[in-house]
>>> print(open('upload_13.tsv').read())   # TSV, C-alpha atoms and all ligand atoms
chain	number	residue	atom	x	y	z
Y	1	MET	CA	177.00	46.56	244.52
Y	2	PRO	CA	179.17	44.96	247.21
Y	3	GLU	CA	181.65	42.39	245.85
Y	4	ASP	CA	181.36	40.01	248.72
Y	5	GLN	CA	179.01	39.63	251.58
Y	6	LEU	CA	180.34	39.60	255.11
Y	7	ILE	CA	178.37	36.62	256.34
Y	8	ASP	CA	179.64	34.63	259.28
Y	9	ARG	CA	179.39	30.93	260.16
Y	10	TYR	CA	176.06	31.54	261.85
Y	11	LYS	CA	174.59	33.25	258.78
Y	12	ARG	CA	174.71	36.68	260.36
Y	13	HIS	CA	175.07	39.40	257.78
Y	14	LEU	CA	177.61	41.93	259.06
Y	15	ASN	CA	176.79	45.29	257.58
Y	16	TYR	CA	177.71	47.62	260.44
Y	17	LEU	CA	181.20	48.91	261.23
Y	18	ARG	CA	182.07	50.91	264.33
Y	19	ILE	CA	185.18	52.94	263.85
Y	20	SER	CA	187.09	54.25	266.83
Y	21	ILE	CA	189.28	57.13	265.73
Y	22	THR	CA	191.05	57.69	269.07
Y	23	ASP	CA	191.55	56.11	272.46
Y	24	ARG	CA	191.77	59.54	274.09
Y	25	CYS	CA	188.90	61.21	275.86
Y	26	ASN	CA	188.28	64.50	277.62
Y	27	LEU	CA	186.21	62.72	280.31
Y	28	ARG	CA	186.99	59.98	282.83
Y	29	CYS	CA	183.63	58.25	283.19
Y	30	ILE	CA	183.75	55.82	286.08
Y	31	TYR	CA	182.61	52.86	283.97
Y	32	CYS	CA	184.62	53.60	280.83
Y	33	ASN	CA	187.93	55.34	281.30
Y	34	PRO	CA	190.20	54.35	284.19
Y	35	ARG	CA	191.15	57.25	286.44
Y	36	LEU	CA	194.56	55.80	287.14
Y	37	PRO	CA	197.12	56.74	284.50
Y	38	GLY	CA	197.05	54.06	281.83
Y	39	LYS	CA	198.81	53.34	278.60
Y	40	LYS	CA	197.62	55.46	275.69
Y	41	LEU	CA	198.43	54.87	272.06
Y	42	GLN	CA	201.37	56.72	270.57
Y	43	HIS	CA	200.68	58.94	267.58
Y	44	LYS	CA	202.27	56.49	265.12
Y	45	GLU	CA	200.22	53.61	266.48
Y	46	VAL	CA	196.93	55.31	265.64
Y	47	LEU	CA	195.51	54.84	262.16
Y	48	ARG	CA	195.77	57.97	260.05
Y	49	TYR	CA	192.54	59.33	258.58
Y	50	GLU	CA	193.57	58.30	255.05
Y	51	GLU	CA	194.17	54.78	256.33
Y	52	ILE	CA	190.77	54.65	258.00
Y	53	LEU	CA	189.13	55.93	254.83
Y	54	ARG	CA	190.80	53.25	252.76
Y	55	ILE	CA	189.59	50.56	255.16
Y	56	ALA	CA	186.10	52.09	255.20
Y	57	ARG	CA	185.91	52.11	251.38
Y	58	LEU	CA	187.00	48.51	251.29
Y	59	SER	CA	184.46	47.55	253.95
Y	60	VAL	CA	181.70	49.15	251.90
Y	61	ARG	CA	182.71	47.09	248.90
Y	62	LEU	CA	182.38	44.05	251.14
Y	63	GLY	CA	178.85	44.93	252.24
Y	64	ILE	CA	179.15	47.41	255.13
Y	65	ASN	CA	176.48	50.09	254.68
Y	66	LYS	CA	176.34	51.56	258.15
Y	67	ILE	CA	179.22	53.22	260.01
Y	68	ARG	CA	179.31	54.76	263.45
Y	69	VAL	CA	182.32	56.84	264.45
Y	70	THR	CA	183.28	56.65	268.08
Y	71	GLY	CA	186.26	56.63	270.44
Y	72	GLY	CA	187.55	57.60	273.06
Y	73	GLU	CA	185.97	60.92	272.29
Y	74	PRO	CA	185.98	61.39	268.52
Y	75	LEU	CA	185.68	65.18	268.67
Y	76	VAL	CA	188.99	65.51	270.55
Y	77	ARG	CA	190.88	64.24	267.53
Y	78	GLN	CA	191.93	67.08	265.32
Y	79	GLY	CA	190.38	67.03	261.87
Y	80	CYS	CA	187.47	64.83	262.94
Y	81	CYS	CA	184.84	66.81	260.99
Y	82	GLU	CA	186.91	66.89	257.80
Y	83	PHE	CA	187.35	63.14	258.16
Y	84	LEU	CA	183.60	62.69	258.62
Y	85	GLU	CA	182.96	64.68	255.48
Y	86	LYS	CA	185.22	62.35	253.48
Y	87	LEU	CA	183.61	59.34	255.10
Y	88	ALA	CA	180.14	60.60	254.22
Y	89	ALA	CA	181.22	60.95	250.60
Y	90	ILE	CA	181.84	57.21	250.24
Y	91	ASP	CA	179.41	55.78	247.78
Y	92	GLY	CA	177.29	52.96	249.14
Y	93	LEU	CA	177.09	54.07	252.76
Y	94	ASP	CA	173.47	54.47	253.82
Y	95	ASP	CA	174.09	55.65	257.32
Y	96	ILE	CA	176.85	57.48	259.19
Y	97	SER	CA	176.51	58.49	262.80
Y	98	LEU	CA	178.64	59.79	265.61
Y	99	THR	CA	178.84	58.87	269.27
Y	100	THR	CA	180.07	61.70	271.46
Y	101	ASN	CA	180.03	62.81	275.06
Y	102	GLY	CA	178.81	66.19	273.81
Y	103	ILE	CA	181.44	68.32	275.56
Y	104	LEU	CA	182.71	69.68	272.24
Y	105	LEU	CA	179.42	69.43	270.41
Y	106	LYS	CA	178.34	73.06	270.43
Y	107	PRO	CA	181.43	74.48	268.68
Y	108	HIS	CA	181.36	71.64	266.13
Y	109	ILE	CA	177.66	71.58	265.31
Y	110	ASP	CA	177.78	73.50	262.04
Y	111	THR	CA	180.79	71.60	260.74
Y	112	LEU	CA	179.18	68.29	261.64
Y	113	LEU	CA	176.07	69.30	259.78
Y	114	SER	CA	177.95	70.32	256.69
Y	115	ALA	CA	180.00	67.12	256.92
Y	116	GLY	CA	176.75	65.22	256.40
Y	117	ILE	CA	176.17	63.90	259.93
Y	118	LYS	CA	172.53	63.88	260.98
Y	119	ARG	CA	172.41	61.19	263.60
Y	120	LEU	CA	174.01	61.69	266.98
Y	121	ASN	CA	174.37	59.53	270.06
Y	122	ILE	CA	175.24	61.60	273.08
Y	123	SER	CA	176.16	60.13	276.43
Y	124	LEU	CA	174.21	61.62	279.31
Y	125	ASP	CA	173.84	59.63	282.51
Y	126	THR	CA	172.41	62.34	284.74
Y	127	LEU	CA	170.60	65.66	284.68
Y	128	LYS	CA	172.33	66.92	287.80
Y	129	PRO	CA	175.51	68.96	287.23
Y	130	GLU	CA	177.15	67.77	290.44
Y	131	LYS	CA	176.50	64.16	289.68
Y	132	TYR	CA	177.73	64.69	286.14
Y	133	GLN	CA	181.04	65.77	287.61
Y	134	GLN	CA	181.08	62.79	289.95
Y	135	ILE	CA	180.54	60.36	287.05
Y	136	THR	CA	182.75	61.98	284.44
Y	137	GLY	CA	185.36	63.77	286.55
Y	138	TYR	CA	184.53	67.06	284.81
Y	139	ASP	CA	182.09	69.87	285.51
Y	140	GLY	CA	180.62	69.82	282.02
Y	141	PHE	CA	176.87	69.24	282.30
Y	142	ASP	CA	175.89	72.71	281.05
Y	143	GLN	CA	178.27	72.45	278.11
Y	144	VAL	CA	176.72	69.14	277.06
Y	145	TRP	CA	173.16	70.31	277.55
Y	146	GLU	CA	173.82	73.41	275.42
Y	147	GLY	CA	175.32	71.18	272.75
Y	148	ILE	CA	172.24	68.97	272.79
Y	149	GLN	CA	169.93	71.99	272.51
Y	150	ARG	CA	171.95	73.37	269.63
Y	151	ALA	CA	171.83	69.99	267.85
Y	152	LEU	CA	168.07	70.00	268.27
Y	153	GLU	CA	167.73	73.52	266.84
Y	154	LYS	CA	169.86	72.53	263.87
Y	155	GLY	CA	167.61	69.61	263.06
Y	156	PHE	CA	169.79	66.61	263.92
Y	157	HIS	CA	167.59	63.54	264.08
Y	158	PRO	CA	167.46	61.26	265.84
Y	159	ILE	CA	169.33	62.56	268.85
Y	160	LYS	CA	169.86	59.55	271.05
Y	161	LEU	CA	170.79	60.17	274.67
Y	162	ASN	CA	172.64	57.19	276.12
Y	163	ALA	CA	172.42	56.65	279.87
Y	164	VAL	CA	174.35	53.83	281.50
Y	165	ALA	CA	172.22	52.90	284.50
Y	166	ILE	CA	174.19	52.29	287.67
Y	167	ASN	CA	172.80	51.37	291.05
Y	168	GLY	CA	173.70	53.88	293.70
Y	169	VAL	CA	174.80	56.43	291.10
Y	170	ASN	CA	171.95	57.47	288.80
Y	171	ASP	CA	169.21	54.96	289.65
Y	172	ASP	CA	167.31	57.79	291.36
Y	173	GLU	CA	167.04	59.67	288.05
Y	174	LEU	CA	165.66	57.06	285.69
Y	175	THR	CA	162.19	58.59	285.55
Y	176	GLN	CA	163.54	62.14	285.08
Y	177	LEU	CA	165.67	60.95	282.18
Y	178	ALA	CA	162.73	59.06	280.65
Y	179	GLU	CA	160.50	62.11	281.14
Y	180	LEU	CA	162.64	64.07	278.68
Y	181	SER	CA	160.96	62.05	275.94
Y	182	PHE	CA	157.66	63.87	276.60
Y	183	GLN	CA	159.12	67.29	276.05
Y	184	TYR	CA	161.73	66.59	273.38
Y	185	PRO	CA	161.98	64.26	270.38
Y	186	PHE	CA	164.99	62.57	271.98
Y	187	HIS	CA	165.49	58.84	272.03
Y	188	ILE	CA	166.42	58.12	275.63
Y	189	ARG	CA	168.34	54.87	275.77
Y	190	PHE	CA	169.07	53.01	278.96
Y	191	ILE	CA	172.13	50.80	278.77
Y	192	GLU	CA	173.09	48.08	281.21
Y	193	LEU	CA	176.52	48.57	282.71
Y	194	MET	CA	178.99	46.10	281.27
Y	195	PRO	CA	181.89	44.96	283.41
Y	196	ILE	CA	184.61	45.97	281.00
Y	197	GLY	CA	188.21	46.78	281.84
Y	198	LYS	CA	189.61	47.86	285.15
Y	199	THR	CA	187.47	50.94	285.57
Y	200	ALA	CA	186.21	52.54	288.73
Y	201	ALA	CA	182.58	51.49	288.22
Y	202	PRO	CA	181.08	51.13	291.65
Y	203	GLY	CA	180.33	47.65	292.90
Y	204	ALA	CA	176.74	48.57	293.71
Y	205	GLY	CA	175.48	45.79	291.49
Y	206	PRO	CA	174.01	45.93	288.04
Y	207	LEU	CA	170.76	47.64	287.31
Y	208	LEU	CA	169.10	45.51	284.70
Y	209	ILE	CA	166.55	46.47	282.07
Y	210	PRO	CA	163.52	44.68	283.60
Y	211	GLU	CA	163.98	46.75	286.77
Y	212	ILE	CA	164.59	49.99	284.84
Y	213	LYS	CA	161.49	49.36	282.79
Y	214	LYS	CA	159.42	48.72	285.89
Y	215	ARG	CA	160.57	51.96	287.47
Y	216	ILE	CA	159.95	54.22	284.51
Y	217	GLN	CA	156.57	52.67	283.80
Y	218	THR	CA	155.32	54.77	286.68
Y	219	LEU	CA	155.24	57.51	284.01
Y	220	GLY	CA	152.77	55.57	281.87
Y	221	ASN	CA	152.50	52.53	279.67
Y	222	LEU	CA	155.41	51.84	277.40
Y	223	ILE	CA	154.07	51.17	273.94
Y	224	PRO	CA	156.40	48.94	271.85
Y	225	ILE	CA	157.58	50.35	268.54
Y	226	ARG	CA	157.76	47.88	265.70
Y	227	ARG	CA	161.36	46.97	265.00
Y	228	THR	CA	162.94	47.82	261.69
Y	229	ILE	CA	165.94	46.29	260.00
Y	230	ASN	CA	168.20	49.18	261.04
Y	231	ASP	CA	167.24	49.17	264.70
Y	232	GLY	CA	170.29	47.53	266.23
Y	233	PRO	CA	170.08	46.09	269.70
Y	234	ALA	CA	167.72	48.63	271.30
Y	235	MET	CA	164.20	47.51	272.17
Y	236	ARG	CA	162.17	50.60	271.36
Y	237	TYR	CA	159.12	52.00	273.16
Y	238	LYS	CA	157.16	55.19	273.42
Y	239	PHE	CA	154.93	56.76	276.04
Y	240	LYS	CA	151.51	57.81	274.77
Y	241	ASP	CA	151.66	61.39	273.42
Y	242	ALA	CA	155.42	61.58	273.91
Y	243	MET	CA	157.54	63.32	271.28
Y	244	GLY	CA	160.49	61.00	271.72
Y	245	GLU	CA	161.21	57.35	272.42
Y	246	ILE	CA	162.65	55.11	275.06
Y	247	GLY	CA	165.17	52.43	274.16
Y	248	PHE	CA	166.58	49.62	276.25
Y	249	ILE	CA	169.93	48.00	275.55
Y	250	SER	CA	170.55	44.88	277.57
Y	251	PRO	CA	174.00	43.42	276.89
Y	252	VAL	CA	173.94	41.71	280.30
Y	253	SER	CA	170.41	40.51	281.02
Y	254	ASN	CA	169.44	39.60	277.49
Y	255	HIS	CA	172.35	39.78	275.12
Y	256	PHE	CA	171.64	40.26	271.46
Y	257	CYS	CA	174.53	38.24	270.06
Y	258	SER	CA	172.33	36.15	267.77
Y	259	GLU	CA	171.40	39.35	265.90
Y	260	CYS	CA	174.81	40.98	266.07
Y	261	ASN	CA	175.67	42.59	262.74
Y	262	ARG	CA	178.82	44.42	263.87
Y	263	LEU	CA	182.49	44.61	263.32
Y	264	ARG	CA	184.75	47.17	264.96
Y	265	LEU	CA	187.85	48.93	263.75
Y	266	THR	CA	189.98	50.00	266.71
Y	267	ALA	CA	192.00	53.21	266.75
Y	268	ASP	CA	195.21	51.18	266.51
Y	269	GLY	CA	194.07	49.34	263.40
Y	270	HIS	CA	192.61	46.03	264.50
Y	271	ILE	CA	189.37	44.48	263.39
Y	272	LEU	CA	187.47	43.21	266.38
Y	273	ASN	CA	184.60	40.84	265.74
Y	274	CYS	CA	183.03	41.06	269.20
Y	275	LEU	CA	183.20	43.77	271.84
Y	276	LEU	CA	184.04	41.20	274.48
Y	277	SER	CA	186.59	39.25	272.53
Y	278	ASP	CA	190.33	39.63	272.94
Y	279	VAL	CA	190.92	38.10	269.51
Y	280	CYS	CA	191.36	40.64	266.76
Y	281	GLU	CA	192.91	40.91	263.33
Y	282	ASP	CA	195.66	43.39	262.60
Y	283	ILE	CA	194.83	45.36	259.45
Y	284	LYS	CA	197.27	48.20	260.05
Y	285	ALA	CA	200.44	46.14	259.54
Y	286	PRO	CA	199.45	44.79	256.09
Y	287	LEU	CA	198.15	48.20	255.12
Y	288	ARG	CA	201.42	49.90	256.08
Y	289	LEU	CA	203.38	47.20	254.29
Y	290	GLY	CA	201.65	48.39	251.13
Y	291	LEU	CA	199.51	45.34	250.56
Y	292	LEU	CA	196.73	45.49	248.01
Y	293	ASP	CA	193.03	45.69	248.74
Y	294	ASP	CA	192.60	41.97	248.09
Y	295	ASP	CA	194.99	41.15	250.92
Y	296	LEU	CA	193.28	43.62	253.23
Y	297	LYS	CA	189.98	42.05	252.27
Y	298	SER	CA	191.23	38.72	253.57
Y	299	VAL	CA	191.81	40.36	256.99
Y	300	PHE	CA	188.11	41.28	257.08
Y	301	LEU	CA	187.08	37.83	255.97
Y	302	LYS	CA	189.24	36.23	258.65
Y	303	ALA	CA	187.65	38.40	261.35
Y	304	VAL	CA	184.22	37.44	260.07
Y	305	ALA	CA	185.08	33.73	259.92
Y	306	ARG	CA	186.20	33.82	263.55
Y	307	LYS	CA	183.25	35.78	264.91
Y	308	PRO	CA	182.00	33.90	267.98
Y	309	PHE	CA	178.33	33.01	268.19
Y	310	GLN	CA	178.05	34.85	271.47
Y	311	HIS	CA	180.09	36.32	274.26
Y	312	PRO	CA	180.41	34.39	277.54
Y	313	GLU	CA	177.16	34.23	279.51
Y	314	ASN	CA	178.91	35.13	282.68
Y	315	LEU	CA	180.48	38.50	282.10
Y	316	THR	CA	183.40	39.32	284.34
Y	317	LEU	CA	186.09	41.94	284.27
Y	318	LEU	CA	188.33	39.28	282.81
Y	319	THR	CA	186.15	38.84	279.75
Y	320	GLN	CA	187.48	42.05	278.29
Y	321	PRO	CA	190.43	43.48	280.21
Y	322	GLU	CA	190.63	46.61	278.05
Y	323	PRO	CA	188.45	49.56	279.13
Y	324	MET	CA	185.72	50.71	276.77
Y	325	VAL	CA	187.57	53.93	276.01
Y	326	SER	CA	190.36	51.89	274.38
Y	327	ILE	CA	188.15	49.51	272.44
Y	328	GLY	CA	185.69	52.07	271.14
Y	329	GLY	CA	182.17	51.82	272.51
D	401	LIG	N1	183.17	59.43	274.10
D	401	LIG	C1	181.99	59.04	273.43
D	401	LIG	C2	180.81	59.00	274.38
D	401	LIG	O1	180.99	59.27	275.57
D	401	LIG	O2	179.70	58.75	273.93
D	401	LIG	C3	182.10	57.74	272.65
D	401	LIG	C4	182.78	56.58	273.29
D	401	LIG	S1	181.93	55.83	274.62
D	401	LIG	C5	183.01	54.48	274.93
D	401	LIG	C6	180.54	55.11	273.80
D	401	LIG	C7	179.43	54.60	274.66
D	401	LIG	O3	179.87	53.51	275.41
D	401	LIG	C8	178.87	55.61	275.62
D	401	LIG	O4	177.50	55.81	275.39
D	401	LIG	C9	179.11	54.99	276.96
D	401	LIG	O5	178.10	55.30	277.85
D	401	LIG	C10	179.17	53.51	276.64
D	401	LIG	N2	179.91	52.75	277.65
D	401	LIG	C11	181.18	52.94	278.02
D	401	LIG	N3	181.54	52.05	278.99
D	401	LIG	C12	180.46	51.26	279.20
D	401	LIG	C13	180.20	50.17	280.07
D	401	LIG	N4	181.12	49.70	280.91
D	401	LIG	N5	178.97	49.60	280.02
D	401	LIG	C14	178.02	50.06	279.16
D	401	LIG	N6	178.22	51.09	278.32
D	401	LIG	C15	179.42	51.70	278.34
>>> encode(input="upload_13.tsv", output="structure tokens")
Amino acid sequence: MPEDQLIDRYKRHLNYLRISITDRCNLRCIYCNPRLPGKKLQHKEVLRYEEILRIARLSVRLGINKIRVTGGEPLVRQGCCEFLEKLAAIDGLDDISLTTNGILLKPHIDTLLSAGIKRLNISLDTLKPEKYQQITGYDGFDQVWEGIQRALEKGFHPIKLNAVAINGVNDDELTQLAELSFQYPFHIRFIELMPIGKTAAPGAGPLLIPEIKKRIQTLGNLIPIRRTINDGPAMRYKFKDAMGEIGFISPVSNHFCSECNRLRLTADGHILNCLLSDVCEDIKAPLRLGLLDDDLKSVFLKAVARKPFQHPENLTLLTQPEPMVSIGG
């Protein structure tokens, strides 16, 4: 049983930790990873796997029961699968999942499976190879698609495909992406573009969920799926007779702060209590000074105590100057 509950001032129960294991990525997505050379963390600045595991164990004792591993691109960090295996062995964790761009998925599928990962989120904003290259800076669509197919064959479930919808970039493909849910058991999730960091996201204006929903409803009625406690921010729907689902994540048009149950651990060892906050608590320094778990626990509790009720209504690039790749999406 958890020793303490991570409950904030607004009575939100924080049971979900997102762990970014690297700020490096093998893609340069226009909305996530600046194409201009930027500052990357030095090796010694990044938490070592043993350090992350210690923090994860502590977080579980405090009430975290759900962990998602992300980055940067988690699969570019050497030893990622061995780390995941150790993470999955922590007693008290009900759910571990991985967010990946899928480029390295195929060669890692078997190791991920034996590490105990069953749930995958894979970023896929387009079904057109050329556009994939335009968005990510790399000609990797086929690699990702093969990885997704292999994950399907191996029984990963759910496989969530995350598409950030951007006007003038992939707005012409919303129905094709949604159509995948008829043929495959994928959860296709449309995400509103957040203005984070100084990335190259085009200024074509946001494409918000109500508009996305309207456009894909040309495929049929979207039937709401009853929400469960583990759903997170996605509003879930299904087309009649479809194998998969459609999810909408609306951080801009209808933010879900009042239900936020998350904390984040950044690759450089800070606990961030809100994606759009620039206030974070350093847990690496006390850990490396050799402090005991009780002192590290107080770092968690401080982050929880300072969790804002919501992020600013009016999101601007200034709200969060760091790009998503550095924070850990
Ligand atoms: N490299 C992995 C990947 O591509 O899935 C994990 C890290 S990435 C930062 C995690 C998720 O954040 C991706 O699904 C990506 O689409 C999303 N993301 C990144 N920048 C975003 C932005 N500006 N607005 C909305 N979603 C964003």
>>> closest_atom_pairs(input="upload_13.tsv", of="chain Y", to="ligand LIG 401 (chain D)", cutoff="9 Å", atoms="all atoms listed in the file", output="tab-separated table")
residue	atom	partner	partner_atom	distance
Y:Ser20	CA	D:LIG401	C4	8.1
Y:Asp23	CA	D:LIG401	C4	8.8
Y:Arg24	CA	D:LIG401	N1	8.6
Y:Cys25	CA	D:LIG401	N1	6.3
Y:Asn26	CA	D:LIG401	N1	8.0
Y:Leu27	CA	D:LIG401	N1	7.7
Y:Cys29	CA	D:LIG401	N3	7.8
Y:Ile30	CA	D:LIG401	N3	8.3
Y:Tyr31	CA	D:LIG401	N4	4.6
Y:Cys32	CA	D:LIG401	N3	3.9
Y:Asn33	CA	D:LIG401	N3	7.5
Y:Val69	CA	D:LIG401	C3	8.3
Y:Thr70	CA	D:LIG401	C3	4.8
Y:Gly71	CA	D:LIG401	C4	4.5
Y:Gly72	CA	D:LIG401	N1	4.9
Y:Glu73	CA	D:LIG401	N1	3.7
Y:Pro74	CA	D:LIG401	N1	6.5
Y:Leu75	CA	D:LIG401	N1	8.3
Y:Leu98	CA	D:LIG401	C3	8.1
Y:Thr99	CA	D:LIG401	O2	4.7
Y:Thr100	CA	D:LIG401	C1	3.8
Y:Asn101	CA	D:LIG401	O1	3.7
Y:Gly102	CA	D:LIG401	O1	7.5
Y:Asn121	CA	D:LIG401	O2	6.6
Y:Ile122	CA	D:LIG401	O2	5.4
Y:Ser123	CA	D:LIG401	O2	4.5
Y:Leu124	CA	D:LIG401	O5	7.6
Y:Asp125	CA	D:LIG401	O5	7.7
Y:Leu161	CA	D:LIG401	O4	8.0
Y:Asn162	CA	D:LIG401	O4	5.1
Y:Ala163	CA	D:LIG401	O5	6.2
Y:Val164	CA	D:LIG401	O5	5.4
Y:Ala165	CA	D:LIG401	C14	8.4
Y:Ile191	CA	D:LIG401	C14	5.9
Y:Glu192	CA	D:LIG401	C14	5.7
Y:Leu193	CA	D:LIG401	N5	3.8
Y:Met194	CA	D:LIG401	N5	3.7
Y:Pro195	CA	D:LIG401	N4	5.4
Y:Ile196	CA	D:LIG401	N4	5.1
Y:Gly197	CA	D:LIG401	N4	7.7
Y:Thr199	CA	D:LIG401	N4	8.0
Y:Ala201	CA	D:LIG401	N4	7.7
Y:Pro251	CA	D:LIG401	C14	8.1
Y:Pro323	CA	D:LIG401	N3	7.3
Y:Met324	CA	D:LIG401	N3	4.9
Y:Val325	CA	D:LIG401	C5	4.7
Y:Ser326	CA	D:LIG401	C5	7.8
Y:Ile327	CA	D:LIG401	C5	7.6
Y:Gly328	CA	D:LIG401	C5	5.2
Y:Gly329	CA	D:LIG401	C5	3.7
>>> closest_atom_pairs(input="upload_13.tsv", of="region 46-163 of chain Y", to="region 230-250 of chain Y", cutoff="12 Å", atoms="only C-alpha atoms", output="tab-separated table")
residue	atom	partner	partner_atom	distance
Y:Asn65	CA	Y:Asn230	CA	10.5
Y:Lys66	CA	Y:Asn230	CA	9.0
Y:Ile67	CA	Y:Asn230	CA	11.8
Y:Arg68	CA	Y:Gly232	CA	11.9
Y:Asp94	CA	Y:Asn230	CA	10.4
Y:Asp95	CA	Y:Asn230	CA	9.5
Y:His157	CA	Y:Gly244	CA	10.7
Y:Pro158	CA	Y:Gly244	CA	9.1
Y:Ile159	CA	Y:Gly244	CA	9.4
Y:Lys160	CA	Y:Glu245	CA	9.0
Y:Leu161	CA	Y:Gly247	CA	9.6
Y:Asn162	CA	Y:Gly247	CA	9.1
Y:Ala163	CA	Y:Phe248	CA	9.8
>>> write_last_selection(input="upload_13.tsv", atoms="C-alpha atoms", output="CSV table (one decimal), in the frame of the given file")
chain,number,residue,atom,x,y,z
Y,65,ASN,CA,176.5,50.1,254.7
Y,66,LYS,CA,176.3,51.6,258.2
Y,67,ILE,CA,179.2,53.2,260.0
Y,68,ARG,CA,179.3,54.8,263.4
Y,94,ASP,CA,173.5,54.5,253.8
Y,95,ASP,CA,174.1,55.6,257.3
Y,157,HIS,CA,167.6,63.5,264.1
Y,158,PRO,CA,167.5,61.3,265.8
Y,159,ILE,CA,169.3,62.6,268.8
Y,160,LYS,CA,169.9,59.6,271.0
Y,161,LEU,CA,170.8,60.2,274.7
Y,162,ASN,CA,172.6,57.2,276.1
Y,163,ALA,CA,172.4,56.6,279.9
>>> atom_distance(input="upload_13.tsv", atom1="CA of Glu259 (chain Y)", atom2="CA of Asn221 (chain Y)")
26.8 Å
>>> atom_distance(input="upload_13.tsv", atom1="CA of Lys214 (chain Y)", atom2="CA of Ser181 (chain Y)")
16.7 Å
>>> closest_residue(input="upload_13.tsv", among="Y:Ile103, Y:Ile64, Y:Val169, Y:Leu272", to="Val299 (chain Y)", atoms="only C-alpha atoms")
Y:Leu272
>>> closest_residue(input="upload_13.tsv", among="Y:Asp294, Y:Asp110, Y:Glu45, Y:Glu281", to="Gly155 (chain Y)", atoms="all atoms listed in the file")
Y:Asp110
>>> axis_aligned_box(input="upload_13.tsv", around="region 65-72 of chain Y", padding_each_side="8 Å", output="AutoDock Vina command-line options")
--center_x 181.9 --center_y 53.8 --center_z 263.9 --size_x 27.2 --size_y 23.5 --size_z 34.4
>>> closest_residue(input="upload_13.tsv", among="Y:Leu287, Y:Val60, Y:Leu208, Y:Ile21", to="Gln78 (chain Y)", atoms="only C-alpha atoms")
Y:Ile21
